[in-house]
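**Q** Okay, handing you the structure first.
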Amino acid sequence: WEEVSGYDENLNTIRTYQVCNVFEPSQNNWLLTTYIDRRNAQRIYVEIRFTVRDCASIPSVLGSCKETFNLYYLETDRTVSESIKGVEYWANAPFLKVDTIAADESFSQVDFGGRLMKVNTEVRGFGPLSKGKGFHLAFQDLGACMSLLAVRVFYKKCPSIVQNFAFFPETLTGAESTSLVISRGNCIPNAEEVDVPIKLYCNGDGEWMVPIGSCSCKAGYEPDNGNVCRACPQGTFKSSQGAGLCQQCPLNSRSTIEAATLCGCRNGYYRGDMDKPEDMCTSVPSAPRNVVSVVNQTSVILEWHSPRDTGHRDDLSYNVVCRRCHSSERRACQPCDDSVVYTPGKEALKGTRVKISKLRAHTSYTFDIQ
C-alpha cells in the first residue's frame, strides 16, 4: 500500500492509499488504521469510498488479479505497535473479518491527464463490540489494483427526545442491526406519570419506536408548545392532572398565584362540601320566609316559603330544630325527646313542609327552620 496523490470523481486532488501489485503472485498486503475509540458503541459502521481497476483492462495480467478486498477489525484496549508489520503477525492476529468488498463499478481507461475513475461507496456494519475500549480496522489486498479514497467510521444512536411529556436520553443502538434497546423515560418538570413504565425502544437505525406509558401535566400546569408544562397564570386554575388547559376562575373567586389548583372564594362567598373546583362560589342564603304552624293535639305541621335570596344555590335543603321549653325564656329550652317523629324527616329536607308528631300535651315547644 502506498499513500499517493490522486483525483476524486470531480478531479479534485486528494490523498489516497493505493495498491496495484497485480503482476506479482501471492499478494497479501495489509493497511491498518489508527486506534479508534468506540465510545461505548456496540455496533460500528464503516463507509468506504474506493476505486478498483478492471482486471480485464490490464494487459498480460496474471490470473491472480482481484477486483475485491477484505475488511477486518481488531478489538483492543491499546494501539497495535507500529513496528509490527510482518506478514506472520497479520496471519496470526485475532482480526475478525467483516466482509469481502466488491466494486459495483470498475474503471478501465487510463490516459496521460489522469484516470477516468468510477467511485464506489460501500457501507458495512459489525458487532457486537465488548472486548476492548476501541478497535483497529484493517484492509487486506490479495492482488487488486485499487485506491482507498475515504473511510468514514460511525455508530448510530437515537437522539435525546421529549415525547408524551417524558424525557428520553440519547441512546446507542444495540449490538445487532435488528436490536431494540429499551430507554427509560422520566417525566419532564411539572408532569407526573400516567402509565408506567415509561419507555421507548431505539431500533438499529437510530430511530425511536414503540412508545409505552406517558406523563401528563400535573394540577396547576397546562401543556404548552407540545411537550412543556406551563404554570397556570394568575386568575386561572387547573384542579387535576391531565391534558386539560387552565380555566378562568369561577364567579366570585380568584387566584393570586401562578400554578393554582383551586381559586379561593372572595370574602362573603363560600363553597359547599360537595362543590367542584370549577363551580362558582356562592353566598349564604337568607332565612326561610312566612313560617306557618298548624297544631293538632300532640302534632304540628310547619310550612314555609323558600328564602328570598338563595345565594345563587340550587341545592337548598332545610333542617328542623325542635326544643321543649319550661318557660318563656329560650335558654330554659332543651332538645326534644328522641321519641318525637318528623315526617318526612328533620334534616336535609328538600321540601318546605314537615309534620312533627308524638309531642307532649300541654307543653311549650319552639321550632327553628334552618
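As shown in the C-alpha cells, the chain order sets the letters A, B, ...; within each chain, residues go from 1, and ligands are also counted from 1 in the order they appear.
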I'd like to know which residues of region 192-270 of chain A are strand (DSSP E or B) (by DSSP, run on the backbone); could you write them as a VMD selection string?
**A** chain A and resid 192 to 202 208 to 217 221 to 224 228 to 231 236 to 237 247 to 248 253 to 254 264 to 265 270
**Q** If you count only C-alpha atoms, which residues fall within 12 Å of Asn40 (chain A), apart from same-chain ones fewer than 3 positions away, as a ChimeraX atom specification?
**A** /A:36-37,43-44,127-135,155-157,171-175
**Q** I'd like the neighbourhood of Trp208 (chain A) as a list in words, where a residue qualifies if any of its atoms comes within 10 Å (using only C-alpha atoms), though same-chain residues fewer than 2 positions away should be ignored.
**A** Lys157, Cys158, Pro159, Ser160, Ile161, Phe168, Thr171, Leu180, Val181, Ile182, Ser183, Leu200, Tyr201, Cys202, Asn203, Gly204, Asp205, Gly206, Val210 and Pro211 of chain A
**Q** Could you save those same residues with N, CA, C and O atoms as a short mmCIF file (atom, residue, chain, number, x, y, z; two decimals), in the first residue's frame?
**A**
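Okay, this is what ended up in out-v7.cif:
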data_model
loop_
_atom_site.label_atom_id
_atom_site.label_comp_id
_atom_site.auth_asym_id
_atom_site.auth_seq_id
_atom_site.Cartn_x
_atom_site.Cartn_y
_atom_site.Cartn_z
N LYS A 157 -27.21 6.21 16.85
CA LYS A 157 -27.81 6.46 18.15
C LYS A 157 -29.17 7.12 17.96
O LYS A 157 -29.43 7.77 16.94
N CYS A 158 -30.01 6.95 18.93
CA CYS A 158 -31.28 7.68 18.98
C CYS A 158 -31.05 8.95 19.78
O CYS A 158 -30.54 8.89 20.90
N PRO A 159 -31.38 10.11 19.22
CA PRO A 159 -31.10 11.36 19.92
C PRO A 159 -32.00 11.53 21.13
O PRO A 159 -33.07 10.92 21.22
N SER A 160 -31.57 12.34 22.07
CA SER A 160 -32.43 12.66 23.21
C SER A 160 -33.71 13.32 22.70
O SER A 160 -33.69 14.05 21.71
N ILE A 161 -34.81 13.03 23.37
CA ILE A 161 -36.10 13.47 22.85
C ILE A 161 -37.08 13.64 24.01
O ILE A 161 -36.95 12.98 25.04
N PHE A 168 -36.37 11.31 27.23
CA PHE A 168 -35.59 10.10 26.98
C PHE A 168 -34.18 10.51 26.58
O PHE A 168 -33.99 11.32 25.67
N THR A 171 -29.50 7.49 23.30
CA THR A 171 -29.35 6.05 23.49
C THR A 171 -28.65 5.42 22.29
O THR A 171 -29.07 5.62 21.14
N LEU A 180 -33.43 -3.98 19.51
CA LEU A 180 -34.23 -2.90 20.08
C LEU A 180 -33.72 -2.65 21.51
O LEU A 180 -33.73 -3.55 22.33
N VAL A 181 -33.27 -1.43 21.74
CA VAL A 181 -32.72 -1.07 23.05
C VAL A 181 -33.76 -0.27 23.82
O VAL A 181 -34.27 0.74 23.32
N ILE A 182 -34.06 -0.70 25.03
CA ILE A 182 -35.05 -0.02 25.86
C ILE A 182 -34.42 1.22 26.51
O ILE A 182 -33.32 1.15 27.06
N SER A 183 -35.13 2.32 26.42
CA SER A 183 -34.72 3.55 27.10
C SER A 183 -35.83 3.96 28.06
O SER A 183 -36.98 4.11 27.66
N LEU A 200 -39.25 3.95 25.68
CA LEU A 200 -39.21 3.93 24.22
C LEU A 200 -38.19 2.88 23.80
O LEU A 200 -37.30 2.51 24.58
N TYR A 201 -38.30 2.43 22.57
CA TYR A 201 -37.33 1.49 22.03
C TYR A 201 -36.53 2.17 20.94
O TYR A 201 -37.08 2.83 20.05
N CYS A 202 -35.21 2.03 21.01
CA CYS A 202 -34.30 2.56 19.99
C CYS A 202 -33.95 1.43 19.04
O CYS A 202 -33.37 0.42 19.46
N ASN A 203 -34.30 1.58 17.76
CA ASN A 203 -34.02 0.49 16.82
C ASN A 203 -32.63 0.63 16.20
O ASN A 203 -31.89 1.58 16.48
N GLY A 204 -32.27 -0.33 15.36
CA GLY A 204 -30.92 -0.38 14.81
C GLY A 204 -30.57 0.75 13.88
O GLY A 204 -29.38 0.98 13.59
N ASP A 205 -31.56 1.48 13.39
CA ASP A 205 -31.30 2.62 12.51
C ASP A 205 -31.24 3.94 13.27
O ASP A 205 -31.17 5.01 12.66
N GLY A 206 -31.27 3.89 14.60
CA GLY A 206 -31.22 5.13 15.38
C GLY A 206 -32.54 5.87 15.38
O GLY A 206 -32.55 7.10 15.46
N VAL A 210 -42.21 2.41 19.27
CA VAL A 210 -42.98 1.69 20.28
C VAL A 210 -43.00 2.43 21.63
O VAL A 210 -42.47 1.96 22.63
N PRO A 211 -43.63 3.61 21.68
CA PRO A 211 -43.74 4.30 22.98
C PRO A 211 -44.68 3.55 23.92
O PRO A 211 -45.74 3.09 23.52
#
**Q** Using only C-alpha atoms, can you tell me which of A:Thr76, A:Thr256, A:Ser299, A:Gln248 comes closest to Met280 (chain A)?
**A**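 Using only C-alpha atoms, Met280 (chain A) sits closest to A:Gln248.
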**Q** Rank nothing, just name the residue among A:Asn164, A:Gln27, A:Ser283, A:Gln334 nearest to Arg313 (chain A), using only C-alpha atoms.
**A**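 For Arg313 (chain A), the nearest of the given residues is A:Ser283.
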**Q** Considering only C-alpha atoms, give me a table of residues in region 88-204 of chain A that are at most 8 Å from region 15-19 of chain A, with the closest atom pair and distance in Å for each, as a Markdown table.
**A**
| residue | atom | partner | partner_atom | distance |
| --- | --- | --- | --- | --- |
| A:Asp141 | CA | A:Val19 | CA | 7.8 |
| A:Ala144 | CA | A:Val19 | CA | 7.1 |
| A:Cys145 | CA | A:Val19 | CA | 5.7 |
| A:Met146 | CA | A:Val19 | CA | 5.7 |
| A:Ser147 | CA | A:Gln18 | CA | 4.3 |
| A:Leu148 | CA | A:Tyr17 | CA | 5.1 |
| A:Leu149 | CA | A:Thr16 | CA | 5.1 |
| A:Ala150 | CA | A:Thr16 | CA | 7.6 |
**Q** Smallest atom-to-atom distance to Tyr269 (chain A): which of A:Ser293, A:Ile257, A:Cys217, A:Gly311, using only C-alpha atoms?
**A**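 Selected residue with least distance to Tyr269 (chain A): A:Gly311.
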**Q** Quick one: residues within 9 Å of Phe154 (chain A), only C-alpha atoms, excluding same-chain residues fewer than 2 positions away - as a CSV table (one decimal) with N, CA and C atoms, in the first residue's frame?
**A**
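Written file, result-v6.csv:
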chain,number,residue,atom,x,y,z
A,38,ARG,N,-14.3,3.4,20.5
A,38,ARG,CA,-15.7,3.0,20.1
A,38,ARG,C,-16.7,3.8,20.9
A,44,ILE,N,-20.6,-0.9,15.0
A,44,ILE,CA,-19.9,0.1,14.3
A,44,ILE,C,-20.2,-0.1,12.8
A,45,TYR,N,-20.2,1.1,12.1
A,45,TYR,CA,-20.5,1.1,10.7
A,45,TYR,C,-19.3,1.7,10.0
A,46,VAL,N,-18.9,1.2,8.8
A,46,VAL,CA,-17.8,1.7,8.1
A,46,VAL,C,-18.3,2.0,6.7
A,47,GLU,N,-18.1,3.3,6.2
A,47,GLU,CA,-18.4,3.7,4.9
A,47,GLU,C,-17.1,3.9,4.1
A,152,ARG,N,-15.0,6.4,6.4
A,152,ARG,CA,-15.8,7.1,7.5
A,152,ARG,C,-16.3,6.0,8.5
A,156,LYS,N,-24.5,4.5,15.3
A,156,LYS,CA,-25.8,5.0,15.3
A,156,LYS,C,-26.4,5.2,16.7
**Q** Given only C-alpha atoms as the basis, pick out the residue of A:Ile212, A:Val228, A:Val153, A:Cys333 nearest to Ile188 (chain A).
**A** A:Val228
